[in-house]
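Have a look at model15.csv; it's CSV, C-alpha atoms:
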```csv
chain,number,residue,atom,x,y,z
U,12,PRO,CA,-2.0,-7.7,3.5
U,13,ALA,CA,-1.1,-10.8,5.5
U,14,GLY,CA,0.7,-10.2,8.8
U,15,THR,CA,3.2,-13.0,8.8
U,16,ILE,CA,7.0,-13.2,9.4
U,17,MET,CA,7.5,-13.7,5.7
U,18,ASP,CA,5.5,-10.5,4.9
U,19,LEU,CA,7.5,-8.6,7.5
U,20,ASN,CA,10.8,-9.8,6.0
U,21,ILE,CA,9.9,-9.1,2.4
U,22,GLY,CA,8.3,-5.8,3.4
U,23,ALA,CA,11.4,-4.6,5.3
U,24,ALA,CA,13.7,-5.4,2.4
U,25,LEU,CA,11.4,-3.7,-0.2
U,26,TRP,CA,10.8,-0.6,2.0
U,27,LEU,CA,14.6,-0.1,2.4
U,28,ALA,CA,15.2,-0.6,-1.3
U,29,VAL,CA,12.4,1.8,-2.4
U,30,GLY,CA,13.9,4.5,-0.1
U,31,ALA,CA,16.9,4.4,-2.5
U,32,ARG,CA,19.5,5.7,0.0
U,33,GLY,CA,23.0,4.3,0.2
U,34,LYS,CA,26.4,4.4,-1.4
U,35,LEU,CA,27.2,4.3,-5.1
U,36,ARG,CA,29.2,1.4,-6.4
U,37,ARG,CA,30.8,1.2,-9.8
U,38,PRO,CA,29.6,-2.0,-11.6
U,39,VAL,CA,33.1,-3.2,-12.4
U,40,SER,CA,32.0,-6.8,-13.2
U,41,TRP,CA,29.5,-5.7,-15.8
U,42,CYS,CA,30.0,-5.6,-19.6
U,43,MET,CA,29.6,-1.8,-19.8
U,44,PRO,CA,28.6,-0.2,-23.1
U,45,LYS,CA,29.9,3.3,-23.7
U,46,GLN,CA,27.6,6.1,-22.7
U,47,PRO,CA,25.4,6.8,-25.8
U,48,SER,CA,25.3,10.4,-27.1
U,49,GLY,CA,22.5,12.3,-28.7
U,50,GLY,CA,19.5,10.1,-29.6
U,51,ALA,CA,21.3,6.8,-29.2
U,52,SER,CA,19.7,6.1,-25.9
U,53,ASP,CA,16.3,6.7,-27.3
U,54,ALA,CA,17.0,4.3,-30.2
U,55,ALA,CA,18.2,1.7,-27.7
U,56,ALA,CA,15.0,2.1,-25.6
U,57,SER,CA,12.8,1.8,-28.6
U,58,ALA,CA,14.6,-1.3,-29.8
U,59,ALA,CA,14.0,-3.1,-26.5
U,60,PRO,CA,10.4,-4.3,-27.2
U,61,GLU,CA,11.5,-5.7,-30.6
U,62,ALA,CA,14.3,-7.6,-28.9
U,63,ALA,CA,12.0,-9.1,-26.4
U,64,ALA,CA,9.5,-10.0,-29.1
U,65,SER,CA,12.3,-11.6,-31.1
U,66,ALA,CA,13.2,-13.6,-28.0
U,67,VAL,CA,9.6,-14.8,-27.7
U,68,SER,CA,9.6,-15.9,-31.4
U,69,THR,CA,13.0,-17.5,-31.1
U,70,ILE,CA,12.2,-19.5,-28.0
U,71,THR,CA,8.8,-20.7,-29.3
U,72,THR,CA,10.2,-21.7,-32.7
U,73,ALA,CA,13.2,-23.5,-31.1
U,74,SER,CA,11.0,-25.4,-28.7
U,75,ALA,CA,8.6,-26.4,-31.5
U,76,ALA,CA,11.4,-27.5,-33.7
U,77,SER,CA,13.0,-29.4,-30.9
U,78,ALA,CA,9.8,-31.2,-30.1
U,79,ALA,CA,9.2,-32.1,-33.8
U,80,SER,CA,12.7,-33.4,-34.3
U,81,GLY,CA,12.8,-35.3,-31.0
U,82,GLY,CA,15.9,-33.3,-30.0
U,83,GLY,CA,14.6,-32.6,-26.4
U,84,PHE,CA,15.3,-29.6,-24.2
U,85,ALA,CA,19.1,-29.5,-24.8
U,86,LYS,CA,18.6,-29.0,-28.5
U,87,ALA,CA,16.1,-26.3,-28.1
U,88,GLU,CA,18.3,-24.6,-25.5
U,89,GLU,CA,21.3,-24.7,-27.9
U,90,ALA,CA,19.2,-23.0,-30.6
U,91,ILE,CA,18.1,-20.3,-28.2
U,92,GLY,CA,21.6,-19.7,-26.9
U,93,SER,CA,23.2,-19.4,-30.3
U,94,SER,CA,20.6,-17.0,-31.6
U,95,SER,CA,20.7,-14.9,-28.4
U,96,MET,CA,24.4,-14.5,-28.3
U,97,LYS,CA,24.6,-13.5,-32.0
U,98,SER,CA,22.2,-10.6,-31.4
U,99,SER,CA,23.8,-9.5,-28.1
U,100,PRO,CA,25.5,-6.1,-28.5
U,101,CYS,CA,27.7,-6.8,-25.6
U,102,CYS,CA,29.2,-9.8,-27.4
U,103,GLN,CA,29.5,-8.0,-30.7
U,104,GLY,CA,31.8,-5.3,-29.3
U,105,GLY,CA,29.1,-2.9,-28.1
U,106,GLY,CA,30.7,-2.9,-24.7
U,107,ALA,CA,34.2,-3.4,-23.5
U,108,ASP,CA,35.6,-6.0,-21.0
U,109,PRO,CA,36.3,-4.1,-17.8
U,110,GLY,CA,39.5,-6.1,-17.4
U,111,THR,CA,41.0,-4.5,-20.5
U,112,ALA,CA,42.4,-1.0,-21.1
U,113,ALA,CA,39.4,-0.2,-23.3
U,114,GLY,CA,37.1,-1.4,-20.6
U,115,LYS,CA,38.7,0.8,-17.9
U,116,GLU,CA,38.5,3.8,-20.2
U,117,SER,CA,34.8,3.0,-20.8
U,118,LEU,CA,34.2,2.8,-17.0
U,119,GLU,CA,36.1,6.0,-16.4
U,120,GLY,CA,33.8,7.8,-18.8
U,121,TRP,CA,30.6,6.4,-17.4
U,122,GLN,CA,28.7,9.2,-15.7
U,123,LEU,CA,27.2,8.7,-12.2
U,124,GLY,CA,24.6,11.1,-10.9
U,125,ASN,CA,21.9,13.2,-12.5
U,126,PRO,CA,21.6,11.1,-15.8
U,127,GLY,CA,20.2,8.3,-13.7
U,128,GLY,CA,18.1,10.5,-11.4
U,129,ILE,CA,20.6,10.3,-8.6
U,130,ALA,CA,21.5,13.2,-6.4
U,131,GLY,CA,23.6,13.7,-3.2
U,132,ASP,CA,22.0,13.8,0.2
U,133,ASP,CA,22.6,17.5,0.6
U,134,GLU,CA,22.5,18.9,-2.9
U,135,GLY,CA,21.8,17.8,-6.5
U,136,GLY,CA,24.5,17.1,-9.1
U,137,ASP,CA,26.9,14.3,-10.0
U,138,VAL,CA,28.4,12.2,-7.2
U,139,ALA,CA,31.5,10.1,-7.1
U,140,ALA,CA,31.5,6.3,-6.6
U,141,GLY,CA,31.4,5.5,-2.9
U,142,ALA,CA,29.6,8.7,-2.0
U,143,ARG,CA,26.3,8.6,-0.2
U,144,TYR,CA,23.2,9.3,-2.3
U,145,ARG,CA,19.5,9.4,-2.4
U,146,SER,CA,17.4,8.9,-5.5
U,147,SER,CA,15.0,11.7,-6.6
U,148,ALA,CA,12.9,9.2,-8.6
U,149,ARG,CA,9.2,9.3,-7.8
U,150,VAL,CA,8.3,6.1,-9.6
U,151,VAL,CA,9.6,2.6,-8.8
U,152,LEU,CA,9.6,-0.3,-11.2
U,153,LEU,CA,8.7,-3.6,-9.5
U,154,GLY,CA,8.9,-7.1,-10.9
U,155,HIS,CA,5.6,-8.5,-9.8
U,156,GLY,CA,4.2,-11.1,-12.2
U,157,ALA,CA,7.5,-12.4,-13.6
U,158,ASP,CA,7.7,-15.4,-11.3
U,159,GLU,CA,4.0,-15.9,-11.1
U,160,GLN,CA,3.5,-16.1,-14.9
U,161,CYS,CA,6.8,-17.6,-15.9
U,162,ALA,CA,7.3,-20.3,-13.2
U,163,GLY,CA,10.0,-18.7,-11.1
U,164,TYR,CA,9.2,-20.1,-7.6
U,165,GLY,CA,10.4,-23.3,-6.1
U,166,ARG,CA,6.8,-24.5,-5.5
U,167,HIS,CA,6.3,-24.4,-9.2
U,168,ARG,CA,8.9,-27.1,-9.6
U,169,THR,CA,7.1,-29.2,-7.0
U,170,ARG,CA,3.8,-28.8,-8.8
U,171,PHE,CA,5.4,-29.7,-12.1
U,172,ARG,CA,7.0,-32.9,-10.6
U,173,ASN,CA,3.7,-34.0,-9.2
U,174,GLY,CA,1.3,-32.8,-11.8
U,175,GLY,CA,3.2,-32.2,-15.1
U,176,MET,CA,2.5,-29.2,-17.3
U,177,ALA,CA,-1.3,-29.3,-16.5
U,178,GLY,CA,-0.5,-29.0,-12.7
U,179,LEU,CA,2.0,-26.2,-13.4
U,180,ALA,CA,-0.6,-24.3,-15.4
U,181,GLU,CA,-3.1,-24.5,-12.5
U,182,GLU,CA,-0.5,-23.3,-10.0
U,183,LEU,CA,0.4,-20.3,-12.2
U,184,THR,CA,-3.3,-19.4,-12.6
U,185,LEU,CA,-3.8,-19.6,-8.9
U,186,ASP,CA,-0.7,-17.3,-8.3
U,187,MET,CA,-2.1,-14.6,-10.6
U,188,GLN,CA,-5.6,-14.8,-9.0
U,189,ARG,CA,-4.3,-14.2,-5.5
U,190,MET,CA,-1.4,-11.7,-6.3
U,191,TRP,CA,-3.5,-8.7,-5.4
U,192,LEU,CA,-3.9,-10.1,-1.9
U,193,ARG,CA,-0.5,-11.7,-1.3
U,194,ASN,CA,1.7,-9.1,-2.9
U,195,LEU,CA,0.2,-5.9,-4.4
U,196,GLY,CA,-1.7,-4.7,-1.4
U,197,ARG,CA,1.3,-5.0,0.9
U,198,ASP,CA,3.9,-3.5,-1.6
U,199,ASP,CA,1.7,-0.6,-2.8
U,200,ARG,CA,1.5,0.6,0.8
U,201,LEU,CA,5.3,0.2,1.3
U,202,VAL,CA,6.1,2.2,-1.8
U,203,ALA,CA,3.5,4.9,-1.0
U,204,ASP,CA,5.1,5.3,2.4
U,205,TRP,CA,8.0,7.0,0.7
U,206,GLY,CA,5.7,9.2,-1.4
U,207,LYS,CA,6.4,7.2,-4.5
U,208,GLU,CA,4.4,5.2,-6.9
U,209,ALA,CA,4.8,1.7,-8.2
U,210,ARG,CA,4.8,0.5,-11.8
U,211,HIS,CA,4.6,-3.1,-12.8
U,212,PRO,CA,6.0,-3.8,-16.3
U,213,PHE,CA,5.2,-7.6,-16.1
U,214,LEU,CA,1.6,-6.8,-15.4
U,215,ASP,CA,1.2,-4.7,-18.5
U,216,GLU,CA,-1.9,-5.9,-20.4
U,217,GLY,CA,0.0,-6.3,-23.6
U,218,PHE,CA,2.8,-8.3,-22.0
U,219,MET,CA,0.3,-10.6,-20.2
U,220,ALA,CA,-1.7,-11.1,-23.4
U,221,ALA,CA,1.5,-12.1,-25.2
U,222,LEU,CA,2.3,-14.7,-22.5
U,223,LEU,CA,-1.2,-16.1,-22.7
U,224,ASP,CA,-0.8,-16.6,-26.4
U,225,THR,CA,2.6,-18.4,-25.9
U,226,PRO,CA,2.8,-22.1,-25.2
U,227,LEU,CA,3.7,-22.9,-21.6
U,228,HIS,CA,6.6,-25.1,-22.7
U,229,ALA,CA,8.2,-22.0,-24.3
U,230,ILE,CA,7.7,-19.9,-21.2
U,231,ALA,CA,9.3,-22.4,-18.8
U,232,ASP,CA,10.9,-25.9,-18.9
U,233,LEU,CA,11.3,-27.0,-15.3
U,234,ARG,CA,13.1,-30.2,-16.4
U,235,ALA,CA,16.1,-27.8,-16.6
U,236,PRO,CA,18.0,-26.6,-13.5
U,237,PRO,CA,17.3,-23.3,-11.7
U,238,GLY,CA,18.7,-20.4,-13.6
U,239,THR,CA,17.9,-22.0,-16.9
U,240,GLY,CA,14.4,-23.5,-17.2
U,241,ASP,CA,12.5,-21.2,-14.9
U,242,LYS,CA,11.4,-17.9,-16.5
U,243,ARG,CA,13.0,-19.3,-19.7
U,244,ILE,CA,11.4,-16.9,-22.0
U,245,LEU,CA,12.5,-13.9,-20.0
U,246,ARG,CA,16.1,-15.2,-19.8
U,247,ALA,CA,16.2,-15.5,-23.6
U,248,ALA,CA,15.0,-11.9,-23.9
U,249,LEU,CA,17.7,-10.7,-21.5
U,250,ALA,CA,20.4,-12.5,-23.4
U,251,GLN,CA,19.2,-11.0,-26.7
U,252,MET,CA,19.3,-7.5,-25.2
U,253,GLY,CA,22.9,-7.9,-24.1
U,254,LEU,CA,22.6,-9.1,-20.5
U,255,PRO,CA,23.8,-12.8,-20.8
U,256,LYS,CA,25.1,-12.9,-17.2
U,257,ALA,CA,21.8,-11.6,-15.7
U,258,ALA,CA,20.0,-14.1,-17.9
U,259,LYS,CA,21.7,-17.0,-16.0
U,260,ARG,CA,21.3,-15.8,-12.5
U,261,VAL,CA,19.4,-18.1,-10.1
U,262,LYS,CA,16.5,-16.5,-8.3
U,263,ARG,CA,17.0,-15.5,-4.7
U,264,ALA,CA,14.1,-14.2,-2.7
U,265,ILE,CA,14.5,-10.6,-1.6
U,266,GLN,CA,14.4,-11.4,2.1
U,267,PHE,CA,17.2,-14.0,1.7
U,268,GLY,CA,19.4,-12.1,-0.8
U,269,THR,CA,19.4,-9.1,1.6
U,270,ARG,CA,20.0,-11.4,4.7
U,271,ILE,CA,17.0,-9.7,6.4
U,272,GLY,CA,15.3,-13.1,6.6
U,273,LYS,CA,18.2,-14.7,8.4
U,274,LEU,CA,18.5,-11.8,10.9
U,275,SER,CA,14.8,-11.9,11.6
U,276,ASN,CA,14.8,-15.7,12.1
U,277,ILE,CA,17.7,-15.4,14.6
U,278,ARG,CA,16.0,-12.5,16.5
U,279,GLU,CA,12.5,-14.2,16.7
U,280,PHE,CA,13.4,-17.9,16.8
U,281,GLY,CA,17.0,-18.1,17.9
U,282,SER,CA,18.4,-19.6,14.7
U,283,ASN,CA,17.6,-20.4,11.1
U,284,ARG,CA,17.2,-24.0,12.0
U,285,ALA,CA,14.6,-23.3,14.7
U,286,ALA,CA,12.8,-21.0,12.3
U,287,ASN,CA,12.6,-23.7,9.6
U,288,THR,CA,11.3,-26.2,12.2
U,289,ARG,CA,8.4,-23.8,13.0
U,290,ASN,CA,7.8,-23.0,9.3
U,291,ALA,CA,8.5,-19.4,10.2
U,292,GLY,CA,7.3,-17.8,7.0
U,293,THR,CA,3.7,-18.6,7.8
U,294,VAL,CA,3.8,-17.6,11.5
U,295,GLU,CA,1.5,-14.7,12.3
U,296,LEU,CA,3.2,-11.8,13.9
U,297,HIS,CA,0.5,-11.2,16.5
U,298,THR,CA,0.8,-14.7,17.8
U,299,LEU,CA,4.6,-14.5,18.0
U,300,TRP,CA,4.7,-11.1,19.7
U,301,GLN,CA,2.1,-12.2,22.2
U,302,HIS,CA,4.7,-14.5,23.7
```
What does this structure look like when you write it as structure tokens?
Amino acid sequence: PAGTIMDLNIGAALWLAVGARGKLRRPVSWCMPKQPSGGASDAAASAAPEAAASAVSTITTASAASAASGGGFAKAEEAIGSSSMKSSPCCQGGGADPGTAAGKESLEGWQLGNPGGIAGDDEGGDVAAGARYRSSARVVLLGHGADEQCAGYGRHRTRFRNGGMAGLAEELTLDMQRMWLRNLGRDDRLVADWGKEARHPFLDEGFMAALLDTPLHAIADLRAPPGTGDKRILRAALAQMGLPKAAKRVKRAIQFGTRIGKLSNIREFGSNRAANTRNAGTVELHTLWQH
């Protein structure tokens, strides 16, 4: 793995996350469905692939129809949005608004603890919100491949502006070819340090084959702003599976979302501005620490 400031920042954030130690927080801003009983959770899990497949079909059909009718991106996006929201269980009453009495009742009944593989630091069992916890999970799901295959990075927009869809396709291919060196080697070591094992759903062979059979304009449309056009096909799938808010979130790199990048820049360079001037992300650690 590369030994740069960027790798240190990403690695530190991921290592802390994989350790899964902290305090529980109730997700009060979420649209929380009631806890399923019996086989309902299994049914929901088995329905997830079909929902994603439907999103692929919807977004591809909408894009093709838009292109044929000359409607442009906005028209395709309107078709995607209307279809996604109709099939969203959250928007059809499957979950309650936390701001209402029904929503509060749903939150009160939501179990924290063993059902999600979470145990207290000293002993197993359910724990209350705000209590310290550690996860007993031995497997960690990571998102490698989502940005690389679905145009989620800022540099993809630059390549699209300069080289169009052909240039974007070349950049995505390059990202996938070098992922084992830039990401997987580093992150596998970090996960293994906790005695855990990584899984990569977006690198599943079936998922990758489905993307390769999907037109690039249906996967991403970088004419649209961040949070909309990037990873477009994944956002449509999220909306169809009842996560419309998550579907609209703008990407933030893990080192910036956790503020580790900022703290590291101040420590090593004095300020964020000084770090940016030196293109801190590519600075080799051994050259920095020699001074």
When you look at Met17 of chain U with a cut-off of 9 Å (counting all atoms listed in the file), what residues show up, excluding the ones that are within fewer than 3 positions of it in the same chain? I need them as number ranges by chain. U: 14, 20-22, 266, 272, 291-295
Selection: 6 Å around Ala231 of chain U, only C-alpha atoms, excl. self and same-chain fewer than 4 positions, as a PyMOL selection string: chain U and resi 240-243
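Distance-wise, atom CA of Arg172 of chain U and atom CA of Pro236 of chain U end up 13.0 Å apart.
When all atoms listed in the file are used to measure the gap to Phe280 of chain U, the shortest distance among U:Leu299, U:His167, U:Ala248, U:Arg36 belongs to U:Leu299.
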Find the spatial neighbours of Val150 of chain U, counting only C-alpha atoms, within a cut-off of 10 Å - ignore same-chain residues fewer than 3 positions away - and output them as a PyMOL selection string. chain U and resi 29+147+153+202-203+206-210
If you measure from atom CA of Leu296 of chain U to atom CA of Leu183 of chain U, what distance in Å do you get, rounded to one decimal? 27.6 Å
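Within the 10 Å cut-off around Lys259 of chain U, using only C-alpha atoms and omitting residues fewer than 5 positions from it on the same chain, the listed residues are Pro237, Gly238, Thr239, Gly240, Arg243, Arg246, Ala247, Leu249, Ala250 and Leu254 of chain U.
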Atom-to-atom span, atom CA of Ile16 of chain U and atom CA of Asn276 of chain U, Å: 8.6 Å
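Shortest separation to Gly154 of chain U among U:Gln251, U:Ser282, U:Leu25, U:Arg166 occurs at residue U:Leu25, atoms counted being all atoms listed in the file.
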Taking all atoms listed in the file into account, name the residue in U:Gly178, U:Asn287, U:Glu279, U:Gly141 that is nearest to Trp300 of chain U. U:Glu279
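Of the listed residues U:Pro212, U:Glu159, U:Leu227, U:Gly165, the one whose atoms come nearest to Trp191 of chain U is U:Glu159, with distances taken using all atoms listed in the file.
Among U:Ile277, U:Ala285, U:Leu35, U:Lys256, the residue with the shortest atom-to-atom distance to Ala142 of chain U, counting all atoms listed in the file, is U:Leu35.
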Near Leu27 of chain U, counting all atoms listed in the file, which residues have an atom at most 10 Å away, once you skip same-chain residues fewer than 6 positions from it, shown as a CSV table (one decimal) with C-alpha atoms, in the coordinates of the input?
```csv
chain,number,residue,atom,x,y,z
U,33,GLY,CA,23.0,4.3,0.2
U,201,LEU,CA,5.3,0.2,1.3
U,202,VAL,CA,6.1,2.2,-1.8
U,205,TRP,CA,8.0,7.0,0.7
```
